[in-house]
Amino acid sequence: MSVLEVRNLQTHFFTDAGVVKAVDGVDFALNEGEVLGLVGESGSGKSVTGFSILRLVDPPGRVVGGQILFRGQDLAQLPASEMRRLRGNKIAMIFQDPMMTLNPVLRIDTQMIEAVRAHDKVSAKAARDRAISALSKVGIPSPAERLDAYPHQFSGGMRQRVAIAIALLNGPDLIVADEPTTALDVTIQSQILAEVQDLARDTGTALIWITHDLAVVAGLADRVAVMYAGRIVETGQTDDVLTTPGHPYSVGLLGSIPGHGQRGERLTQIPGMAPNMAHLPPGCAFAPRCFNADERCRTDAPGIEDMERVRQLRCHHPLTKAGGTP
Amino acid sequence: MTAMLELSDVSRQFVKKLDSIEKLAKKLGASVSESCVNAVDSASFHIARGEVVGLVGESGCGKSTLGRMVAGLLPVSGGTIRFEGVDVTDAASADAKTARLRIQMIFQDPMSSLNPRMKVEEIVGEAAVYHGLTTRREMSAYVAGILRQVGLDPAYAQRFPHQFSGGQRQRIGIARALAVRPEFLICDESIAALDVSIQAQVINLFQDLRRELDLTYLFISHDLSVVEHIADRVVVMYLGRIVEIASTEALFDDPQHPYTQALIDQVPRLGAGRQTYRTIKGEIPSPLAPPPGCHFHPRCPMAGPRCTRDTPVLRNDAGRSVACHLHDGGTE
Amino acid sequence: MLVYLLRRIAQSIFVALAMMVIVFFGIYMIGNPVDILISPDATPREIEETMARFGFDQPIYIQFLTFVGNALQGDLGRSFVHGESAVTLILHYMPATLELAALGLIFSVLIGIPLGVYAGYKADRWQGRAIMTGSIFGFSLPNFWVGMLLILIFAVELRWLPSTGRGDTVDVFGIRLSIFSENGLQYMILPALTLALYKASLVTRLARAGTQEALVQDYVKFARAKGVSETRILFVHVLKNIMIPILTVLGLELGSMIAFAVVTETVFAWPGMGKLLIDSILTLDRPVIVAYLMMTVLIFIVINLVVDIVYTILDPRVRVTGGAG
Amino acid sequence: QDLRIGLAAEPSSADPHFHNLGPNNQLRRNMFESLVGSDEQQKLFPQLATSWRPLDDTRWEFKLREGVTFSDGSAFDAYDVVYSVCRIPGVPDSPSLFTTYTKAIKDFEVPDPMTLIVHTAAPYPLLPTEFSTWGIISAKANGVDGASIDFSPEGCGDLAYPESQAFNEGAAAIGTGPFLLESFRRGEGIELVRNPDYWGDAAPWERVSMKPLTSDGPRVAALFAGDVDFIENPPLQDLERINSEGGLQVVQGISNRVIYLHMDHEQEPSPMITGTDGKNPLKDVRVREALSIAINRDAIVDRIMGGVAVAAGELLPAGMFGAHEDGAMPPAPYDADRAQALLAEAGYPDGFGITIGTPNDRYINDAQVAQAVAQMWARIGVTTEIDAVTASTFFSRRNAYEFSVYLAGWGAGTGEMSSPIKALVATRDGDRGYGGTNRGQYSNPEVDDLLTKALATVDDDARQELLRESSRVAMADWAILPLHFEVTPWAMTDKITYAPRVDQYTLPASIKPVQ
Amino acid sequence: MLIGFVAISAHLLRGRGRQFFNGPVAYVAAGSLLLLVVLALFANEIAPQNPYDLRQLDIMDGRLPPGSTTFDGAMTYHLGTDEQGRDILSGILYGLRVSLSVAIIATLVAMAIGVVVGIYAAWAGGRVETILMRLVDLQLSFPSILVALMLMAAFGRGLDKVVIALIIVQWAYYARTVRGTALSEARKEYIDAARGLGLPVRRIIFRHLLPNCIPPLLVISTVQIANTIVLESSLSFLGVGVPITRPSLGLLIANGYDYMLSGQYWMSMYPGVALLAIVASINLVGDRLRDTLNPRLRK
Ligand SMILES: Nc1ncnc2c1ncn2[C@@H]1O[C@H](COP(=O)(O)OP(=O)(O)OP(=O)(O)O)[C@@H](O)[C@H]1O
Ligand SMILES: Nc1ncnc2c1ncn2[C@@H]1O[C@H](COP(=O)(O)OP(=O)(O)OP(=O)(O)O)[C@@H](O)[C@H]1O
Ligand SMILES: [Mg+2]
Ligand SMILES: [Mg+2]
C-alpha cells in the first residue's frame with residue numbers, strides 16, 4: 001500500500017530572470033516503511049521536490065501542476081489549514097544544516113513542545129514527556145536535562161538528532177529528509193545513518209532520503225530515484241540501479257565516483273555542466289552532455305518507460321534492457 | 001628517493017592573548033583566559049618528488065593549517081619546513097621566497113578564491129608578469145596557453161569569475177597556480193565544493209597535469225574515496241596530530257590506528273549492498289580542550305589506562321608510521 | 001561582561017577627555033565668556049576684576065590644569081552664568097531629557113515594530129513597500145521641521161495638545177518627572193513624537209529586514225514543517241529573533257536620542273539638558289559644556305551596560321561566552 | 001487671579017545681586033525694591049525712599065518710607081540699604097557685579113533709621129538713578145544687626161550674607177516687593193504669588209507663573225495655543241497675525257536701546273577693509289557721512305523691523321533725558337547720490353571693500369539689519385560682506401578690535417544721554433570708565449569735555465543741555481551711525497493690558513486686567 | 001570625484017537596472033534626485049537671481065508672497081522672497097548647491113580617510129589595529145550631532161568649518177565599515193592566492209583588497225550623504241552652521257521658521273520641501289541600491 005504517490009509534480013519559480021522549472025514532471029510512489037533515496041546533482045530539484053510534498057515552497061515558487069497523493073488525499077488541493085495539520089504530524093521533514101534548523105533563541109523544550117501541541121491538545125507535561133522519550137530514542141544521553149538547553153549548546157550531530165527527534169514526535173507516516181548528513185563529518189554521519197536505519201525499521205515510517213551522495217543511498221535506501229534538471233530520469237531498486245544503471249546520466253554519475261580498487265585510473269566524466277534551469281533545452285535535458293544522444297533526444301522529451309514493475313527510465317536510448325546488462 | 005618536501009616537528013598554535021583591558025578584568029575576577037589551540041602538533045613527514053600524498057582527517061583536525069604553513073601563508077610556531085633542501089620555514093627570507101613560488105595552492109571555494117573584480121586574464125597572468133615569466137605584451141598568449149592546458153577556452157580570458165560555473169572557476173584557480181610554473185601543488189579540499197560529475201573532471205585534470213608537468217601534490221581532503229583514488233601515500237590526522245602514515249594500499253587494506261580503522265570502516269561505499277553502520281561512539285572533542293594522552297582515547301574501543309596518560313609517538317616501522325600505544329607496547 | 005564594561009568605560013573616558021581638551025581650548029579660542037556675561041555698563045577695570053575672579057587672567061594651560069585637577073576631585077566647576085555647580089545644574093536638567101528620550105523610545109518601538117514586522121511579512125506587496133517608502137520619509141524629515149509642523153497642526157490649529165514647555169511634574173523618589181502626570185504627559189507627547197519619528201523609521205526598517213531575513217531561515221521553514229501556526233511563527237520565532245538586534249540598536253540609539261534632544265528641546269522649549277547645552281555653548285559657559293560631556297559619557301556607559309544585560313537575557317548564545325565578543 | 005507669562009529670556013538667578021543682566025533685573029523688581037523707582041519712561045519716582053535731595057556737591061539725603069516690612073515681617077530701615085550695598089561687591093561667582101552702580105558711594109550716614117545720607121567722592125548727579133538699579137535685601141532676616149555695620153567701600157567686615165542658592169530655593173527671597181517668590185525652577189518656570197502685606201497698591205494677580213520660552217516660534221505658538229496670557233518680545237513678523245487673531249493684542253513702545261554701527265577710527269590698515277592700499281577710509285569724515293546717508297533707515301524699519309522700530313538720529317530717543325526734542329535731531333537723510341559724490345570727493349570713487357561684523361542672536365533681526373545695510377552700501381560701490389556670529393563670539397572679537405565696522409546695540413540703563421555718550425563715544429579711559437564700549441576707538445576731546453562737565457553738574461537743566469550738546473557734536477562728526485531705536489512689543493490676550501516701558505522690562509505688577 | 005562615484009555605482013548596477021527600477025517609487029526617486037542635482041549644479045544659470053550677491057537684493061522687495069514681481073516688474077518671485085528681498089527660488093537653488101556640496105565633499109573626504117584607515121588597520125593588525133580601532137570606537141561612541149556641535153562650538157561658524165566637522169563626525173564610521181569588509185575580504189582565499197603567488201603587499205592591498213572594499217561603501221555613502229545634509233541643516237538651524245549670507249537649505253529654513261506662524265509660510269516651507277525632496281530621494285535611491293546590490297536578497 002503506498003503512503004505517497006506523486007504524479008507529474010511541477011513546481012516552478014517565477015523569477016525576474018524567467019520561469020525556473022525546478023521540478024518539471026516528477027512521478028514516484030512510496031510504500032509504507034520504504035526508504036527512497038532521491039539523488040542528483042546540485043540544483044536538480046531534489047529539495048524543491050521535498051518541499052513541494054509539504055507545500056513549503058517559498059515564493060516566488062509555486063506548485064503549478066500534478067498531484068501529491070498522501071494516503072489517497074491530494075495534498076496539492078488541500079486547504080492551507082488542513083495542510084498545516086498534516087505537517088509535523090503525519091508528514092515530517094528534516095533539513096540539511098543542523099545549525100540553522102533549530103531556532104537559536106528558543107530552548108529545545110519550547111521547540112519540541114510546540115510541535116506536539118500544534119497537533120495534540122495535551123498538557124505541557126505530557127508533551128514534555130513525549131519530547132523526552134523522543135530524545136532518548138535518537139540516542140541523546142540524559143534527555144530530561146538536555147531539554148532545557150539551547151541549540152548552540154549542542155554539537156552539530158546532536159542538533160541533527162534533536163531535529164530527527166522532533167520529526168518523530170507525532171509518529172509520522174512519512175519523513176522527508178533533505179541531506180541531513182551532508183554537513184556532518186564521516187564518523188558522525190555514520191552514527192546518524194545507523195540511528196535512522198534502526199528507527200525506520202522499528203517504526204515502519206516511510207522515508208525519502210535526499211542526498212547527492214550515491215554512496216550513502218547505496219547503504220540505506222530500498223529504492224533510488226535519480227534526478228536531473230527537475231525530472232526523475234531513473235528509478236529502481238537500489239542495487240539494480242547502482243549495478244546496472246539504465247540512464248546515461250546514472251551511468252555517468254556512477255562512473256564519476258572514485259571506487260574501491262580503481263586507484264589512479266581515469267574516472268569516466270560527464271562532459272559539460274548542469275543546465276540553466278531557466279532555459280532548458282527542448283527535448284531531453286541531458287542530451288547536450290550525453291554520449292548517446294541523437295537528433296530525437298534533442299527535440300523530443302522522452303517519456304517514462306516502465307522497464308519492470310519497479311524500474312522506470314526516462315530515456316530514448318536506455319542502456320539496460322529489462323533486467324539485462326548494458 | 002630524496003624528499004622534495006620535508007617537515008620536521010612542525011607545529012602551529014593559535015593563541016588568543018588577553019589585551020590590557022582583559023587582563024585588568026581578570027584581576028578583578030572575571031573569568032577570561034587565554035585560549036590556545038594546538039592546530040598542528042609536531043607534524044613530521046616528507047614528500048618525494050612526483051609523489052601524491054593525501055592528508056585526511058575530520059574537520060578541525062588541522063589539515064588546512066598544515067597546508068597553509070607549507071604554502072607559506074601561515075608562519076609556523078615551531079619546527080622546520082625544507083623544500084628541496086632549502087629551509088623555507090621563514091617565509092620572508094630571500095631563498096624561501098623563490099622556493100615558495102614553486103609551491104602553489106589550490107583552494108576549496110571556487111568563488112572566493114578568485115578576485116571578483118579582475119578578469120581571468122589578469123588573475124592568471126598577473127603573477128607571471130610580475131615575476132618576469134612573461135611580459136605584459138605577451139601575457140595574453142601566455143595565459144591562453146595555460147587556459148588551454150586546464151581545459152578552458154582561451155576566449156574566456158576577458159570574462160569575470162562570476163560568469164563561470166563552479167568547475168570552470170576551479171580550473172581558473174588551477175591555471176593561476178600553474179602560471180608561475182610550480183612543481184608542488186597543495187590542494188586543500190579543492191574538489192569538495194564541486195558536484196560529483198564535475199569532481200570527476202577536476203580529479204582527471206589533476207592527474208593529467210601530474211603526468212604532463214611532473215607535479216608533486218599534497219592532496220588535502222576529508223573524502224576518503226577521493227584520496228584513495230588519487231594518492232600514493234596517506235597521512236591521517238586527528239585533532240592536530242598525525243596518527244598514521246602509510247601507502248594508500250596498505251592503509252586501506254590494513255589500517256593500523258583505531259581511528260583510521262573507524263574512518264575507513266565508515267565511509268559509505270557504492271556496491272556494498274545495504275549496509276549496517278557500525279559507529280565509533282562520541283563526538284569529536286573541542287580542539288580548545290583536547291583530551292589528555294592520546295586525543296582519540298575517549299572514542300577508542302581499544303583504549304587502555306596508558307592512553308589517557310601518555311601521548312603516543314609516531315613510530316616508523318617498515319614504511320608505515322602509527323602513533324598508537326597498541327603498536328608501541330600496549331595500552332596498559 | 002566585565003571585560004566589555006571595562007572596555008566601554010575606558011573608551012568613554014578617552015572620548016570624554018579628548019572632547020574636554022578640544023572644548024576647553026576651543027572655547028578659549030573663540031571667545032571670552034566675560035564679554036557677554038558682564039553688564040555693558042561695566043568699566044574696563046570691572047571687567048578685569050571679573051576676569052580675575054574666574055581665573056581667566058591666567059595662562060590657558062594653567063587654567064586647564066586647575067580645571068583637570070578639580071575635575072579629578074569630582075568638581076567640574078561652577079557655571080559662569082548660573083553660579084551653580086555645573087554638575088548640579090545638569091542633574092537638575094537631566095530627568096526632563098531622560099524621560100523625554102525614554103518616551104520617545106517607547107513611541108518608536110510601539111510604532112516601529114508592528115509596522116516593520118508587517119512590512120517584512122508583506123515585503124513584496126504594496127503594503128510592505130508603502131511602509132518602507134514611508135519610513136524613508138520618516139528618515140528624511142529634519143527633526144526641527146517635524147517639530148514645528150507638529151506644533152502648527154496639533155497645538156495651534158487643532159489645539160489638542162499644549163505647544164511647548166513642560167507640564168506638571170510628580171515627585172518620584174525625589175526626581176521630578178512629568179511622565180506620570182496626565183498634564184505632564186500631554187506636554188511630552190509632541191516632543192517625544194518628534195524625537196521618535198526618526199527612530200521609529202529606523203526600527204521599522206530593522207524590524208522589516210529582520211523579519212524578512214528570519215522568514216527565509218531554515219528554522220522558520222522547520223517550524224512550518226512542524227505544523228506550527230503562522231501566528232506563532234511570527235510572534236514567537238521571528239519576533240524573538242529580531243528583538244535582539246533591535247534592542248541592541250535601540251539601546252545604543254538611546255544615546256543619540258539624548259543627543260538629538262538638543263534640537264527637539266530647542267524647538268519645544270523643553271527644559272532639558274540639551275537646551276542647557278545649546279545655551280551654554282552660546283554663552284561660552286565652559287564648565288557646563290564640559291560637565292555635560294562628562295555626564296553624557298556616564299549615561300552612555302550606563303545605557304551600554306543595561307543594553308548588554310538585556311542582550312544576554314534575550315540572546316542565549318552570548319550567555320555562555322560571557323558576552324566578551 | 002492667575003497670570004501666565006512667556007519670557008523671552010530666562011533669568012540666571014533669583015539672587016538680586018548675582019548678575020547685572022536684563023532678565024535678572026526684571027525678575028528682581030517683583031520681589032526686591034530700590035530706594036528709587038523708575039517708571040515706564042525711566043523717570044525716577046519714590047519707592048522705598050519718599051524723597052531725596054543733594055545736601056551739597058558730595059552728599060545726598062534720602063528720606064525712607066515708613067511702615068514697610070519685608071516678607072518675613074521685619075521692618076525696613078536704612079540699615080537694610082547699607083547691608084545690601086555691603087553685600088554687592090562680594091557675591092561669589094558673580095559674572096557681572098552691581099558694583100558698577102555702587103562704586104560712587106564713599107560712605108553712609110544714618111542719622112535716624114528712616115534717613116540715609118550718602119557721601120560721594122565727587123559731585124555725582126547720577127546717584128539717584130543708580131539707586132534705582134539694585135534691590136534691597138533685609139539685614140535682620142539674615143541675622144545681621146544693621147546698626148553694627150561698619151561701612152566702607154572696601155568691605156564691611158565679617159557679615160553673614162545669604163548664598164545665591166538660597167535665593168533660588170526661596171529661603172533668602174525676602175523682599176518688600178509686590179510679589180513673593182514661590183519657586184524658581186531653572187528652565188521650567190518661576191512662580192510668584194501676591195505679597196499680601198505690600199505697602200503700596202496690591203498687585204492685580206494672585207499668582208504669576210513665568211515660563212522661559214526662549215525660541216520665538218514656540219513662544220508665540222504658546223500664546224496662540226492659549227498656554228500663556230502674555231509674552232515678551234513676540235517676533236515682529238507675527239504682530240500682524242496676533243492683532244488680527246480674535247482675543248489677542250499687541251502693545252508696543254519705543255525702548256531706550258539704539259542699534260548703531262560703530263566704525264574703526266583708529267587702526268590703519270583696518271582689519272576688514274580692502275581695496276584702499278592700507279588706508280583706513282573711515283578716518284575721513286566724508287566717508288563716514290557717505291556711509292551714513294547711504295543707509296535707507298526707513299526701509300530698514302519698514303522691511304526688516306516690520307515697522308516696529310524708529311529710525312534714529314542720535315543715541316537716545318526723543319523725550320528722554322539728554323535727548324533732543326522730537327524732530328530736532330532727525331535721522332540722517334537717505335541720499336545715495338550724495339553718498340557716492342562724497343566718496344569720490346574723499347578719493348574713493350570706486351568705493352572699497354568692507355565687512356560688517358554683527359551678532360546674529362542678540363538684537364531683534366540683528367544680522368538681517370546688517371545684511372540690509374550691506375545691500376545699501378553695495379549700491380554706492382562699497383562692496384560689503386557680513387560676518388555674522390553668535391553673540392559670545394561677536395563680543396570677544398569686537399573687543400579684540402577685529403572688526404572695521406560692527407553692528408551693536410546700546411540700552412541706556414540710566415535712561416539718560418550720559419549713558420551712551422560715556423560708553424560709546426567718549427575717548428577710552430579706564431580710570432574714568434569712559435569709552436568702555438567704544439570699540440571703534442573714537443576720540444574727540446570736545447565730546448569728552450562736555451561729558452565730564454555734565455557728569456559733575458547736579459543741576460538737571462544744565463546737565464541736560466550739556467548732554468544734548470555732546471550728542472550734537474558727536475553726531476556732526478559722524479562718530480557713530482545710529483540706525484534705529486528698537487520698539488519693544490508685548491503680546492497678550494485682550495483681557496489684560498500693559499503700559500510699554502523704555503527699559504523693556506516686563507513687570508507683572510503693571511500688567512492690568514481690562515475692566 | 002562625483003563622476004567617479006556615479007560611474008562606480010553604474011558599473012555595479014550593470015544589468016540590474018530592471019531590478020533597481022521595480023516600481024514607480026524608484027523612477028520618481030531617481031528622477032527627482034537627478035533633477036535636483038542638475039538644478040544645484042546649474043544654479044547660477046537657472047536661478048533668476050544670485051542670492052549671494054547683495055547688490056541684486058533689494059529689501060524693498062522683502063517678504064513678498066509667491067508670485068509677486070519686483071518693483072519694476074522685471075522679475076517674478078515665484079516662491080516669494082525672504083525679509084532681505086532674496087528670491088526664495090534662487091535661495092533654494094543655491095542653498096541646494098551649498099547643502100549638497102557640503103555633504104558630498106564631507107562624505108567623500110571622510111570616506112577616503114575611512115578607507116585608508118580601515119584598510120591599513122585591517123591589514124596591519126596587532127597593535128596598530130587596536131589603536132586605530134579604539135580611536136574609531138572613541139569617535140563613534142558619541143552621537144554625531146554632539147560631536148559636531150562641540151566642534152562647531154570650538155571652531156566657530158563657517159562653511160569650511162562645517163565641512164571639517166562633518167568629516168570628523170563621519171570618517172570613523174567608514175573606517176569601521178571598511179575594516180570590517182577588509183577583514184572579511186582578506187580572509188577570502190583570493191588574497192591568500194595572491195600572497196602565495198609572491199605578489200608584493202602593496203600590490204595586494206591596492207589591486208586586490210581595495211577594489212573589493214569600496215562597493216559596500218557606496219551604498220552606505222549615499223545614505224550618509226542624506227544624513228549629512230540633515231545634520232548640516234540641523235547645525236545651521238541651531239545657529240552654528242553656515243554663514244548667514246550664504247545660506248544652505250537648513251539655514252533658509254531656520255530663517256523662515258520665524259515667519260512660519262505669521263502666515264509667511266513660503267520662506268521656510270519651500271526650502272523645507274526642497275530639503276525633504278533631496279534627502280528623501282537620496283535615501284530612496286540608496287535604499288533601492290542596497291536592495292539591488294544585497295546578495296542575500298537577490299533573486
Ligand atoms: N527561491 C528560489 N528562487 C528561484 N529559483 C530557485 C529557488 N529555489 C530553488 N530554485 C531553483 O530550483 C532548482 C532546484 O533547486 P533545489 O534546491 O531543489 O536543488 P537541489 O537538488 O536540492 O540542490 P542541492 O543539492 O544544491 O541542494 C535550482 O535550479 C534552483 O536554482
Ligand atoms: N586563525 C585561526 N585562529 C584561531 N584558531 C584557528 C585559526 N585557524 C584555524 N584554527 C583552529 O585550528 C584548528 C584546525 O583548523 P584547520 O582549518 O586547519 O582544520 P581543517 O582540518 O582544515 O578543518 P576543515 O576540514 O573543516 O577544513 C581548528 O580547531 C580551528 O578552529
Ligand atoms: Mg537541496
Ligand atoms: Mg580546512
# chains A, B, ... in the order shown; residues from 1 in each chain; ligands from 1
call {"tool": "select_by_dssp", "arguments": {"residues": "range 101-261 of chain A", "states": "alpha helix (DSSP H)", "output": "ChimeraX atom specification"}}
result
/A:101,108-117,124-137,143-146,156-168,186-203,214-220,238-243,248-256
call {"tool": "write_last_selection", "arguments": {"atoms": "C-alpha atoms", "output": "PDB file, in the first residue's frame"}}
result
ATOM      1  CA  THR A 101      17.009  24.365  11.570  1.00  0.00           C
ATOM      2  CA  ILE A 108      14.845  22.852  22.907  1.00  0.00           C
ATOM      3  CA  ASP A 109      11.822  22.108  25.063  1.00  0.00           C
ATOM      4  CA  THR A 110       9.905  25.065  23.643  1.00  0.00           C
ATOM      5  CA  GLN A 111      10.624  23.914  20.162  1.00  0.00           C
ATOM      6  CA  MET A 112       9.658  20.321  20.882  1.00  0.00           C
ATOM      7  CA  ILE A 113       6.592  21.011  22.959  1.00  0.00           C
ATOM      8  CA  GLU A 114       5.143  23.384  20.405  1.00  0.00           C
ATOM      9  CA  ALA A 115       5.499  20.661  17.810  1.00  0.00           C
ATOM     10  CA  VAL A 116       3.458  18.300  19.954  1.00  0.00           C
ATOM     11  CA  ARG A 117       0.868  20.830  20.981  1.00  0.00           C
ATOM     12  CA  ALA A 124       2.555  20.701  28.624  1.00  0.00           C
ATOM     13  CA  LYS A 125       3.692  17.976  30.973  1.00  0.00           C
ATOM     14  CA  ALA A 126       2.556  15.217  28.667  1.00  0.00           C
ATOM     15  CA  ALA A 127       4.156  16.967  25.711  1.00  0.00           C
ATOM     16  CA  ARG A 128       7.360  17.237  27.613  1.00  0.00           C
ATOM     17  CA  ASP A 129       7.342  13.564  28.424  1.00  0.00           C
ATOM     18  CA  ARG A 130       6.846  12.778  24.814  1.00  0.00           C
ATOM     19  CA  ALA A 131       9.781  15.028  23.944  1.00  0.00           C
ATOM     20  CA  ILE A 132      11.962  13.219  26.450  1.00  0.00           C
ATOM     21  CA  SER A 133      11.157   9.835  25.043  1.00  0.00           C
ATOM     22  CA  ALA A 134      11.768  11.072  21.509  1.00  0.00           C
ATOM     23  CA  LEU A 135      15.166  12.413  22.504  1.00  0.00           C
ATOM     24  CA  SER A 136      16.173   9.187  24.121  1.00  0.00           C
ATOM     25  CA  LYS A 137      15.042   7.299  21.028  1.00  0.00           C
ATOM     26  CA  PRO A 143      17.376  13.841  27.640  1.00  0.00           C
ATOM     27  CA  ALA A 144      15.420  15.397  30.503  1.00  0.00           C
ATOM     28  CA  GLU A 145      18.237  17.794  31.338  1.00  0.00           C
ATOM     29  CA  ARG A 146      19.143  18.447  27.756  1.00  0.00           C
ATOM     30  CA  GLY A 156      26.230  19.533  15.061  1.00  0.00           C
ATOM     31  CA  GLY A 157      25.497  15.863  15.259  1.00  0.00           C
ATOM     32  CA  MET A 158      23.462  16.277  18.406  1.00  0.00           C
ATOM     33  CA  ARG A 159      21.444  19.014  16.821  1.00  0.00           C
ATOM     34  CA  GLN A 160      20.629  16.829  13.893  1.00  0.00           C
ATOM     35  CA  ARG A 161      19.465  14.174  16.321  1.00  0.00           C
ATOM     36  CA  VAL A 162      17.216  16.696  18.002  1.00  0.00           C
ATOM     37  CA  ALA A 163      15.769  17.609  14.627  1.00  0.00           C
ATOM     38  CA  ILE A 164      15.134  13.940  13.940  1.00  0.00           C
ATOM     39  CA  ALA A 165      13.543  13.572  17.355  1.00  0.00           C
ATOM     40  CA  ILE A 166      11.217  16.463  16.556  1.00  0.00           C
ATOM     41  CA  ALA A 167      10.286  14.821  13.294  1.00  0.00           C
ATOM     42  CA  LEU A 168       9.455  11.623  15.151  1.00  0.00           C
ATOM     43  CA  VAL A 186      32.059  10.963   8.318  1.00  0.00           C
ATOM     44  CA  THR A 187      32.101   9.452  11.757  1.00  0.00           C
ATOM     45  CA  ILE A 188      29.108  11.485  12.873  1.00  0.00           C
ATOM     46  CA  GLN A 189      27.334  10.824   9.605  1.00  0.00           C
ATOM     47  CA  SER A 190      27.554   7.129  10.078  1.00  0.00           C
ATOM     48  CA  GLN A 191      26.244   7.437  13.606  1.00  0.00           C
ATOM     49  CA  ILE A 192      23.178   9.257  12.329  1.00  0.00           C
ATOM     50  CA  LEU A 193      22.714   6.859   9.454  1.00  0.00           C
ATOM     51  CA  ALA A 194      22.789   3.943  11.833  1.00  0.00           C
ATOM     52  CA  GLU A 195      20.261   5.646  14.060  1.00  0.00           C
ATOM     53  CA  VAL A 196      17.898   6.389  11.211  1.00  0.00           C
ATOM     54  CA  GLN A 197      18.143   2.912   9.845  1.00  0.00           C
ATOM     55  CA  ASP A 198      17.067   1.457  13.151  1.00  0.00           C
ATOM     56  CA  LEU A 199      14.257   3.940  13.578  1.00  0.00           C
ATOM     57  CA  ALA A 200      12.842   3.386  10.126  1.00  0.00           C
ATOM     58  CA  ARG A 201      12.889  -0.337  10.742  1.00  0.00           C
ATOM     59  CA  ASP A 202      11.244  -0.063  14.171  1.00  0.00           C
ATOM     60  CA  THR A 203       8.543   2.442  13.384  1.00  0.00           C
ATOM     61  CA  LEU A 214      25.152   7.906  -4.124  1.00  0.00           C
ATOM     62  CA  ALA A 215      27.238   6.010  -1.660  1.00  0.00           C
ATOM     63  CA  VAL A 216      25.016   6.996   1.224  1.00  0.00           C
ATOM     64  CA  VAL A 217      21.954   5.859  -0.675  1.00  0.00           C
ATOM     65  CA  ALA A 218      23.621   2.600  -1.517  1.00  0.00           C
ATOM     66  CA  GLY A 219      23.771   1.648   2.087  1.00  0.00           C
ATOM     67  CA  LEU A 220      20.422   2.994   3.186  1.00  0.00           C
ATOM     68  CA  THR A 238      18.892   0.483  -5.209  1.00  0.00           C
ATOM     69  CA  ASP A 239      21.062  -2.478  -6.086  1.00  0.00           C
ATOM     70  CA  ASP A 240      19.688  -2.684  -9.593  1.00  0.00           C
ATOM     71  CA  VAL A 241      20.212   0.967 -10.349  1.00  0.00           C
ATOM     72  CA  LEU A 242      23.685   1.052  -8.886  1.00  0.00           C
ATOM     73  CA  THR A 243      24.892  -2.077 -10.513  1.00  0.00           C
ATOM     74  CA  PRO A 248      23.296   7.510 -19.451  1.00  0.00           C
ATOM     75  CA  TYR A 249      23.263  10.112 -16.687  1.00  0.00           C
ATOM     76  CA  SER A 250      23.142   7.446 -13.984  1.00  0.00           C
ATOM     77  CA  VAL A 251      25.969   5.725 -15.710  1.00  0.00           C
ATOM     78  CA  GLY A 252      27.980   8.902 -15.829  1.00  0.00           C
ATOM     79  CA  LEU A 253      27.270   9.665 -12.225  1.00  0.00           C
ATOM     80  CA  LEU A 254      28.396   6.272 -11.067  1.00  0.00           C
ATOM     81  CA  GLY A 255      31.458   6.492 -13.221  1.00  0.00           C
ATOM     82  CA  SER A 256      32.438   9.815 -11.677  1.00  0.00           C
TER      83      SER A 256
END
call {"tool": "residues_around", "arguments": {"residues": "Leu114 in chain B", "least_positions_apart": "2", "cutoff": "9 Å", "atoms": "only C-alpha atoms", "output": "count of residues only"}}
result
18
call {"tool": "residues_near_ligand", "arguments": {"ligand": "ligand 4", "cutoff": "10 Å", "atoms": "only C-alpha atoms and all ligand atoms", "output": "short mmCIF file (atom, residue, chain, number, x, y, z; two decimals) with N, CA and C atoms, in the first residue's frame"}}
result
data_model
loop_
_atom_site.label_atom_id
_atom_site.label_comp_id
_atom_site.auth_asym_id
_atom_site.auth_seq_id
_atom_site.Cartn_x
_atom_site.Cartn_y
_atom_site.Cartn_z
N GLY B 57 41.39 13.55 7.48
CA GLY B 57 41.02 13.74 8.88
C GLY B 57 39.70 14.50 8.93
N GLU B 58 39.10 14.49 10.12
CA GLU B 58 37.82 15.16 10.24
C GLU B 58 37.99 16.67 10.33
N SER B 59 36.89 17.37 10.27
CA SER B 59 37.01 18.82 10.22
C SER B 59 37.62 19.35 11.51
N GLY B 60 38.45 20.34 11.38
CA GLY B 60 39.08 20.95 12.54
C GLY B 60 40.33 20.23 13.01
N CYS B 61 40.77 19.19 12.28
CA CYS B 61 41.91 18.44 12.78
C CYS B 61 43.23 19.09 12.40
N GLY B 62 43.19 20.15 11.60
CA GLY B 62 44.42 20.87 11.30
C GLY B 62 44.96 20.67 9.90
N LYS B 63 44.18 20.09 9.04
CA LYS B 63 44.66 19.84 7.68
C LYS B 63 44.99 21.15 6.97
N SER B 64 44.03 22.05 7.00
CA SER B 64 44.26 23.31 6.27
C SER B 64 45.41 24.08 6.87
N THR B 65 45.49 24.08 8.17
CA THR B 65 46.58 24.80 8.84
C THR B 65 47.92 24.27 8.36
N LEU B 66 48.01 22.97 8.29
CA LEU B 66 49.26 22.36 7.84
C LEU B 66 49.55 22.79 6.40
N GLY B 67 48.52 22.67 5.57
CA GLY B 67 48.70 23.03 4.16
C GLY B 67 49.13 24.48 4.01
N ARG B 68 48.51 25.35 4.77
CA ARG B 68 48.83 26.76 4.64
C ARG B 68 50.24 27.07 5.14
N PHE B 107 42.66 26.25 -3.89
CA PHE B 107 41.79 26.42 -2.73
C PHE B 107 40.47 25.69 -2.87
N GLN B 108 39.75 25.74 -1.76
CA GLN B 108 38.49 25.00 -1.74
C GLN B 108 37.36 25.72 -2.47
N ASP B 188 43.82 22.04 -1.23
CA ASP B 188 43.09 21.96 0.04
C ASP B 188 41.60 21.83 -0.25
N GLU B 189 41.09 20.66 -0.13
CA GLU B 189 39.66 20.39 -0.39
C GLU B 189 39.28 20.97 -1.74
N ILE B 220 44.79 17.48 0.18
CA ILE B 220 44.05 17.51 1.44
C ILE B 220 42.58 17.26 1.16
N SER B 221 41.98 16.30 1.88
CA SER B 221 40.57 16.04 1.65
C SER B 221 40.00 15.29 2.84
N HIS B 222 38.71 15.49 3.04
CA HIS B 222 38.10 14.64 4.05
C HIS B 222 37.38 13.47 3.38
#
call {"tool": "closest_residue", "arguments": {"among": "C:Ala200, C:Ala223, C:Val249, C:Met132", "to": "chain A", "atoms": "only C-alpha atoms"}}
result
C:Ala223
call {"tool": "closest_atom_pairs", "arguments": {"of": "chain A", "to": "ligand 3", "cutoff": "7 Å", "atoms": "only C-alpha atoms and all ligand atoms", "output": "CSV"}}
result
residue,atom,partner,partner_atom_place_in_ligand_line,distance
A:Ser42,CA,ligand 3,1 (Mg),6.7
A:Gly43,CA,ligand 3,1 (Mg),6.9
A:Lys46,CA,ligand 3,1 (Mg),5.8
A:Ser47,CA,ligand 3,1 (Mg),4.1
A:Asp178,CA,ligand 3,1 (Mg),6.6
